[in-house]
$ cat coords-v6.pdb   # PDB, N, CA and C atoms
ATOM      1  N   MET E   1      -5.614 -29.556 -47.419
ATOM      2  CA  MET E   1      -5.042 -29.845 -46.119
ATOM      3  C   MET E   1      -3.549 -29.541 -46.177
ATOM      4  N   THR E   2      -3.045 -28.844 -45.194
ATOM      5  CA  THR E   2      -1.627 -28.500 -45.178
ATOM      6  C   THR E   2      -0.828 -29.679 -44.646
ATOM      7  N   PRO E   3       0.378 -29.849 -45.169
ATOM      8  CA  PRO E   3       1.195 -30.952 -44.671
ATOM      9  C   PRO E   3       1.655 -30.659 -43.244
ATOM     10  N   LEU E   4       1.521 -31.638 -42.402
ATOM     11  CA  LEU E   4       1.936 -31.516 -41.007
ATOM     12  C   LEU E   4       2.811 -32.723 -40.708
ATOM     13  N   GLU E   5       3.953 -32.496 -40.115
ATOM     14  CA  GLU E   5       4.884 -33.587 -39.881
ATOM     15  C   GLU E   5       4.317 -34.575 -38.869
ATOM     16  N   LEU E   6       4.751 -35.815 -38.991
ATOM     17  CA  LEU E   6       4.252 -36.868 -38.126
ATOM     18  C   LEU E   6       4.635 -36.639 -36.674
ATOM     19  N   ASN E   7       5.802 -36.046 -36.427
ATOM     20  CA  ASN E   7       6.201 -35.829 -35.038
ATOM     21  C   ASN E   7       5.288 -34.816 -34.349
ATOM     22  N   ASN E   8       4.702 -33.879 -35.086
ATOM     23  CA  ASN E   8       3.722 -32.978 -34.486
ATOM     24  C   ASN E   8       2.471 -33.741 -34.069
ATOM     25  N   GLN E   9       2.003 -34.645 -34.921
ATOM     26  CA  GLN E   9       0.830 -35.451 -34.605
ATOM     27  C   GLN E   9       1.097 -36.333 -33.386
ATOM     28  N   LEU E  10       2.264 -36.953 -33.344
ATOM     29  CA  LEU E  10       2.597 -37.820 -32.212
ATOM     30  C   LEU E  10       2.757 -37.028 -30.921
ATOM     31  N   GLY E  11       3.365 -35.869 -31.007
ATOM     32  CA  GLY E  11       3.542 -35.038 -29.816
ATOM     33  C   GLY E  11       2.220 -34.581 -29.239
ATOM     34  N   VAL E  12       1.325 -34.143 -30.096
ATOM     35  CA  VAL E  12       0.005 -33.721 -29.638
ATOM     36  C   VAL E  12      -0.757 -34.912 -29.081
ATOM     37  N   ALA E  13      -0.635 -36.071 -29.719
ATOM     38  CA  ALA E  13      -1.313 -37.276 -29.238
ATOM     39  C   ALA E  13      -0.801 -37.669 -27.850
ATOM     40  N   MET E  14       0.498 -37.583 -27.637
ATOM     41  CA  MET E  14       1.046 -37.940 -26.324
ATOM     42  C   MET E  14       0.607 -36.952 -25.244
ATOM     43  N   LEU E  15       0.540 -35.664 -25.580
ATOM     44  CA  LEU E  15       0.009 -34.691 -24.627
ATOM     45  C   LEU E  15      -1.447 -34.989 -24.295
ATOM     46  N   ALA E  16      -2.209 -35.390 -25.290
ATOM     47  CA  ALA E  16      -3.612 -35.724 -25.069
ATOM     48  C   ALA E  16      -3.756 -36.979 -24.210
ATOM     49  N   VAL E  17      -2.868 -37.931 -24.384
ATOM     50  CA  VAL E  17      -2.900 -39.135 -23.543
ATOM     51  C   VAL E  17      -2.647 -38.767 -22.087
ATOM     52  N   LEU E  18      -1.659 -37.924 -21.859
ATOM     53  CA  LEU E  18      -1.392 -37.485 -20.481
ATOM     54  C   LEU E  18      -2.579 -36.731 -19.892
ATOM     55  N   GLY E  19      -3.177 -35.855 -20.692
ATOM     56  CA  GLY E  19      -4.354 -35.125 -20.230
ATOM     57  C   GLY E  19      -5.532 -36.044 -19.970
ATOM     58  N   ALA E  20      -5.715 -37.053 -20.828
ATOM     59  CA  ALA E  20      -6.823 -37.995 -20.650
ATOM     60  C   ALA E  20      -6.633 -38.833 -19.394
ATOM     61  N   LEU E  21      -5.392 -39.178 -19.087
ATOM     62  CA  LEU E  21      -5.141 -39.920 -17.850
ATOM     63  C   LEU E  21      -5.491 -39.090 -16.619
ATOM     64  N   VAL E  22      -5.234 -37.792 -16.688
ATOM     65  CA  VAL E  22      -5.605 -36.904 -15.586
ATOM     66  C   VAL E  22      -7.127 -36.825 -15.464
ATOM     67  N   PHE E  23      -7.812 -36.694 -16.596
ATOM     68  CA  PHE E  23      -9.272 -36.601 -16.570
ATOM     69  C   PHE E  23      -9.924 -37.889 -16.093
ATOM     70  N   ARG E  24      -9.272 -39.044 -16.288
ATOM     71  CA  ARG E  24      -9.841 -40.313 -15.827
ATOM     72  C   ARG E  24      -9.929 -40.354 -14.313
ATOM     73  N   LYS E  25      -9.038 -39.662 -13.629
ATOM     74  CA  LYS E  25      -9.035 -39.648 -12.165
ATOM     75  C   LYS E  25     -10.169 -38.805 -11.579
ATOM     76  N   LEU E  26     -10.836 -37.995 -12.408
ATOM     77  CA  LEU E  26     -11.892 -37.114 -11.922
ATOM     78  C   LEU E  26     -13.233 -37.812 -11.750
ATOM     79  N   GLY E  27     -13.352 -39.042 -12.176
ATOM     80  CA  GLY E  27     -14.589 -39.784 -12.018
ATOM     81  C   GLY E  27     -15.677 -39.385 -13.006
ATOM     82  N   LEU E  28     -15.291 -39.047 -14.212
ATOM     83  CA  LEU E  28     -16.248 -38.681 -15.247
ATOM     84  C   LEU E  28     -16.926 -39.937 -15.798
ATOM     85  N   PRO E  29     -18.087 -39.794 -16.438
ATOM     86  CA  PRO E  29     -18.748 -40.960 -17.037
ATOM     87  C   PRO E  29     -17.878 -41.625 -18.107
ATOM     88  N   GLU E  30     -18.136 -42.914 -18.325
ATOM     89  CA  GLU E  30     -17.321 -43.689 -19.258
ATOM     90  C   GLU E  30     -17.369 -43.158 -20.688
ATOM     91  N   TRP E  31     -18.520 -42.657 -21.136
ATOM     92  CA  TRP E  31     -18.614 -42.186 -22.515
ATOM     93  C   TRP E  31     -17.720 -40.974 -22.756
ATOM     94  N   MET E  32     -17.431 -40.218 -21.704
ATOM     95  CA  MET E  32     -16.545 -39.060 -21.855
ATOM     96  C   MET E  32     -15.087 -39.476 -22.006
ATOM     97  N   HIS E  33     -14.740 -40.632 -21.467
ATOM     98  CA  HIS E  33     -13.361 -41.102 -21.572
ATOM     99  C   HIS E  33     -12.968 -41.349 -23.025
ATOM    100  N   ALA E  34     -13.936 -41.668 -23.858
ATOM    101  CA  ALA E  34     -13.641 -41.944 -25.266
ATOM    102  C   ALA E  34     -13.403 -40.680 -26.080
ATOM    103  N   VAL E  35     -14.037 -39.579 -25.711
ATOM    104  CA  VAL E  35     -13.935 -38.361 -26.517
ATOM    105  C   VAL E  35     -12.935 -37.344 -25.966
ATOM    106  N   ILE E  36     -12.489 -37.520 -24.762
ATOM    107  CA  ILE E  36     -11.576 -36.547 -24.149
ATOM    108  C   ILE E  36     -10.268 -36.395 -24.927
ATOM    109  N   PRO E  37      -9.590 -37.488 -25.380
ATOM    110  CA  PRO E  37      -8.351 -37.279 -26.157
ATOM    111  C   PRO E  37      -8.571 -36.485 -27.441
ATOM    112  N   THR E  38      -9.682 -36.725 -28.119
ATOM    113  CA  THR E  38      -9.954 -36.001 -29.363
ATOM    114  C   THR E  38     -10.217 -34.530 -29.090
ATOM    115  N   VAL E  39     -10.968 -34.238 -28.042
ATOM    116  CA  VAL E  39     -11.250 -32.842 -27.690
ATOM    117  C   VAL E  39      -9.964 -32.118 -27.306
ATOM    118  N   ILE E  40      -9.111 -32.785 -26.547
ATOM    119  CA  ILE E  40      -7.837 -32.179 -26.150
ATOM    120  C   ILE E  40      -6.975 -31.893 -27.385
ATOM    121  N   CYS E  41      -6.921 -32.828 -28.323
ATOM    122  CA  CYS E  41      -6.119 -32.633 -29.538
ATOM    123  C   CYS E  41      -6.639 -31.472 -30.376
ATOM    124  N   VAL E  42      -7.950 -31.396 -30.537
ATOM    125  CA  VAL E  42      -8.515 -30.282 -31.309
ATOM    126  C   VAL E  42      -8.192 -28.959 -30.629
ATOM    127  N   LEU E  43      -8.291 -28.911 -29.306
ATOM    128  CA  LEU E  43      -7.976 -27.678 -28.576
ATOM    129  C   LEU E  43      -6.504 -27.309 -28.700
ATOM    130  N   ILE E  44      -5.617 -28.301 -28.644
ATOM    131  CA  ILE E  44      -4.186 -28.019 -28.788
ATOM    132  C   ILE E  44      -3.884 -27.485 -30.182
ATOM    133  N   PHE E  45      -4.434 -28.130 -31.218
ATOM    134  CA  PHE E  45      -4.189 -27.649 -32.577
ATOM    135  C   PHE E  45      -4.799 -26.264 -32.784
ATOM    136  N   GLY E  46      -5.944 -26.020 -32.200
ATOM    137  CA  GLY E  46      -6.577 -24.715 -32.356
ATOM    138  C   GLY E  46      -5.819 -23.604 -31.652
ATOM    139  N   ALA E  47      -5.221 -23.926 -30.508
ATOM    140  CA  ALA E  47      -4.557 -22.900 -29.715
ATOM    141  C   ALA E  47      -3.100 -22.668 -30.099
ATOM    142  N   PHE E  48      -2.386 -23.727 -30.480
ATOM    143  CA  PHE E  48      -0.942 -23.599 -30.622
ATOM    144  C   PHE E  48      -0.385 -23.788 -32.025
ATOM    145  N   VAL E  49      -1.151 -24.353 -32.943
ATOM    146  CA  VAL E  49      -0.651 -24.600 -34.297
ATOM    147  C   VAL E  49      -1.357 -23.642 -35.249
ATOM    148  N   ASP E  50      -0.582 -22.963 -36.075
ATOM    149  CA  ASP E  50      -1.143 -21.989 -37.005
ATOM    150  C   ASP E  50      -1.579 -22.693 -38.290
ATOM    151  N   LEU E  51      -2.843 -23.088 -38.340
ATOM    152  CA  LEU E  51      -3.407 -23.743 -39.516
ATOM    153  C   LEU E  51      -4.330 -22.767 -40.224
ATOM    154  N   PRO E  52      -4.526 -22.926 -41.542
ATOM    155  CA  PRO E  52      -5.235 -21.908 -42.326
ATOM    156  C   PRO E  52      -6.708 -21.705 -41.975
ATOM    157  N   ASP E  53      -7.421 -22.758 -41.640
ATOM    158  CA  ASP E  53      -8.845 -22.577 -41.335
ATOM    159  C   ASP E  53      -9.287 -23.585 -40.276
ATOM    160  N   SER E  54     -10.524 -23.428 -39.829
ATOM    161  CA  SER E  54     -11.025 -24.274 -38.749
ATOM    162  C   SER E  54     -11.263 -25.710 -39.202
ATOM    163  N   GLN E  55     -11.568 -25.920 -40.471
ATOM    164  CA  GLN E  55     -11.778 -27.281 -40.958
ATOM    165  C   GLN E  55     -10.467 -28.066 -40.921
ATOM    166  N   THR E  56      -9.381 -27.447 -41.308
ATOM    167  CA  THR E  56      -8.070 -28.093 -41.257
ATOM    168  C   THR E  56      -7.676 -28.386 -39.820
ATOM    169  N   THR E  57      -7.950 -27.451 -38.934
ATOM    170  CA  THR E  57      -7.670 -27.660 -37.520
ATOM    171  C   THR E  57      -8.459 -28.837 -36.984
ATOM    172  N   LEU E  58      -9.719 -28.922 -37.347
ATOM    173  CA  LEU E  58     -10.569 -30.016 -36.893
ATOM    174  C   LEU E  58     -10.087 -31.360 -37.434
ATOM    175  N   VAL E  59      -9.709 -31.397 -38.713
ATOM    176  CA  VAL E  59      -9.233 -32.650 -39.313
ATOM    177  C   VAL E  59      -7.960 -33.126 -38.628
ATOM    178  N   HIS E  60      -6.992 -32.242 -38.444
ATOM    179  CA  HIS E  60      -5.746 -32.635 -37.782
ATOM    180  C   HIS E  60      -5.992 -33.018 -36.328
ATOM    181  N   GLY E  61      -6.890 -32.310 -35.652
ATOM    182  CA  GLY E  61      -7.207 -32.641 -34.273
ATOM    183  C   GLY E  61      -7.874 -33.997 -34.140
ATOM    184  N   VAL E  62      -8.777 -34.318 -35.055
ATOM    185  CA  VAL E  62      -9.458 -35.615 -34.999
ATOM    186  C   VAL E  62      -8.483 -36.751 -35.316
ATOM    187  N   ILE E  63      -7.617 -36.551 -36.301
ATOM    188  CA  ILE E  63      -6.636 -37.590 -36.631
ATOM    189  C   ILE E  63      -5.712 -37.835 -35.445
ATOM    190  N   SER E  64      -5.208 -36.780 -34.852
ATOM    191  CA  SER E  64      -4.333 -36.918 -33.699
ATOM    192  C   SER E  64      -5.101 -37.480 -32.500
ATOM    193  N   GLY E  65      -6.365 -37.101 -32.364
ATOM    194  CA  GLY E  65      -7.190 -37.631 -31.271
ATOM    195  C   GLY E  65      -7.441 -39.116 -31.400
ATOM    196  N   LEU E  66      -7.651 -39.593 -32.625
ATOM    197  CA  LEU E  66      -7.812 -41.026 -32.829
ATOM    198  C   LEU E  66      -6.525 -41.777 -32.510
ATOM    199  N   LEU E  67      -5.390 -41.190 -32.877
ATOM    200  CA  LEU E  67      -4.104 -41.775 -32.519
ATOM    201  C   LEU E  67      -3.938 -41.808 -31.004
ATOM    202  N   ALA E  68      -4.313 -40.725 -30.337
ATOM    203  CA  ALA E  68      -4.210 -40.667 -28.880
ATOM    204  C   ALA E  68      -5.134 -41.685 -28.219
ATOM    205  N   SER E  69      -6.329 -41.867 -28.758
ATOM    206  CA  SER E  69      -7.255 -42.852 -28.198
ATOM    207  C   SER E  69      -6.695 -44.260 -28.334
ATOM    208  N   GLY E  70      -6.066 -44.556 -29.455
ATOM    209  CA  GLY E  70      -5.439 -45.863 -29.635
ATOM    210  C   GLY E  70      -4.286 -46.086 -28.675
ATOM    211  N   ILE E  71      -3.455 -45.072 -28.504
ATOM    212  CA  ILE E  71      -2.334 -45.181 -27.565
ATOM    213  C   ILE E  71      -2.862 -45.363 -26.144
ATOM    214  N   LEU E  72      -3.894 -44.612 -25.791
ATOM    215  CA  LEU E  72      -4.484 -44.723 -24.450
ATOM    216  C   LEU E  72      -5.077 -46.110 -24.234
ATOM    217  N   TYR E  73      -5.733 -46.658 -25.240
ATOM    218  CA  TYR E  73      -6.303 -48.005 -25.147
ATOM    219  C   TYR E  73      -5.205 -49.037 -24.905
ATOM    220  N   ILE E  74      -4.091 -48.906 -25.607
ATOM    221  CA  ILE E  74      -2.985 -49.835 -25.440
ATOM    222  C   ILE E  74      -2.359 -49.696 -24.049
ATOM    223  N   VAL E  75      -2.134 -48.448 -23.618
ATOM    224  CA  VAL E  75      -1.516 -48.216 -22.313
ATOM    225  C   VAL E  75      -2.400 -48.756 -21.192
ATOM    226  N   LEU E  76      -3.686 -48.487 -21.261
ATOM    227  CA  LEU E  76      -4.583 -48.970 -20.206
ATOM    228  C   LEU E  76      -4.732 -50.486 -20.253
ATOM    229  N   GLY E  77      -4.639 -51.090 -21.433
ATOM    230  CA  GLY E  77      -4.700 -52.535 -21.535
ATOM    231  C   GLY E  77      -3.455 -53.212 -20.987
ATOM    232  N   LEU E  78      -2.315 -52.576 -21.171
ATOM    233  CA  LEU E  78      -1.069 -53.154 -20.662
ATOM    234  C   LEU E  78      -0.928 -52.991 -19.160
ATOM    235  N   THR E  79      -1.557 -51.985 -18.591
ATOM    236  CA  THR E  79      -1.417 -51.750 -17.152
ATOM    237  C   THR E  79      -2.618 -52.243 -16.355
ATOM    238  N   ARG E  80      -3.550 -52.932 -17.023
ATOM    239  CA  ARG E  80      -4.754 -53.417 -16.344
ATOM    240  C   ARG E  80      -4.406 -54.557 -15.399
ATOM    241  N   LYS E  81      -5.062 -54.573 -14.255
ATOM    242  CA  LYS E  81      -4.877 -55.651 -13.294
ATOM    243  C   LYS E  81      -5.900 -56.733 -13.574
ATOM    244  N   ASN E  82      -5.452 -57.973 -13.565
ATOM    245  CA  ASN E  82      -6.365 -59.101 -13.799
ATOM    246  C   ASN E  82      -6.966 -59.590 -12.517
TER     247      ASN E  82
END

$ encode --input "coords-v6.pdb" --output "structure tokens"
Amino acid sequence: MTPLELNNQLGVAMLAVLGALVFRKLGLPEWMHAVIPTVICVLIFGAFVDLPDSQTTLVHGVISGLLASGILYIVLGLTRKN
């Protein structure tokens, strides 16, 4: 696995959070809301980051996607109406 700086992971995760918030407005099923940040992260790493192979791209995308899912969970929990 190639070393990737933490700010790259955080930047991709934040982009995925913004994209996931947009996708939530489309009325997609709930199970898709959980996987959308990970899919967005894998696509961003595949398209814009020059990694040596597809397995490395997938690993970095999944790690960043899990980070994005956690951030999204926190953001939606803090902005939830009681």

$ residues_around --input "coords-v6.pdb" --residues "E:Ala20" --least-positions-apart "6" --cutoff "8 Å" --atoms "all atoms listed in the file" --output "MDAnalysis selection string"
chainID E and resid 14 33 36:37 40

$ atom_distance --input "coords-v6.pdb" --atom1 "atom CA of E:Ala13" --atom2 "atom CA of E:Ser69"
8.2 Å

$ atom_distance --input "coords-v6.pdb" --atom1 "atom N of E:Pro29" --atom2 "atom CA of E:Leu76"
16.8 Å

$ resolve_selection --input "coords-v6.pdb" --expression "the PyMOL selection byres (((chain E and resi 41-53 and name CA) around 8) and name CA)" --output "PyMOL selection string"
chain E and resi 2+12-13+16+37-40+54-58+60-62+64-65

$ axis_aligned_box --input "coords-v6.pdb" --around "stretch 22-29 of chain E" --padding-each-side "6 Å" --output "AutoDock Vina command-line options"
--center_x -12.0 --center_y -39.1 --center_z -14.8 --size_x 25.5 --size_y 17.0 --size_z 18.5
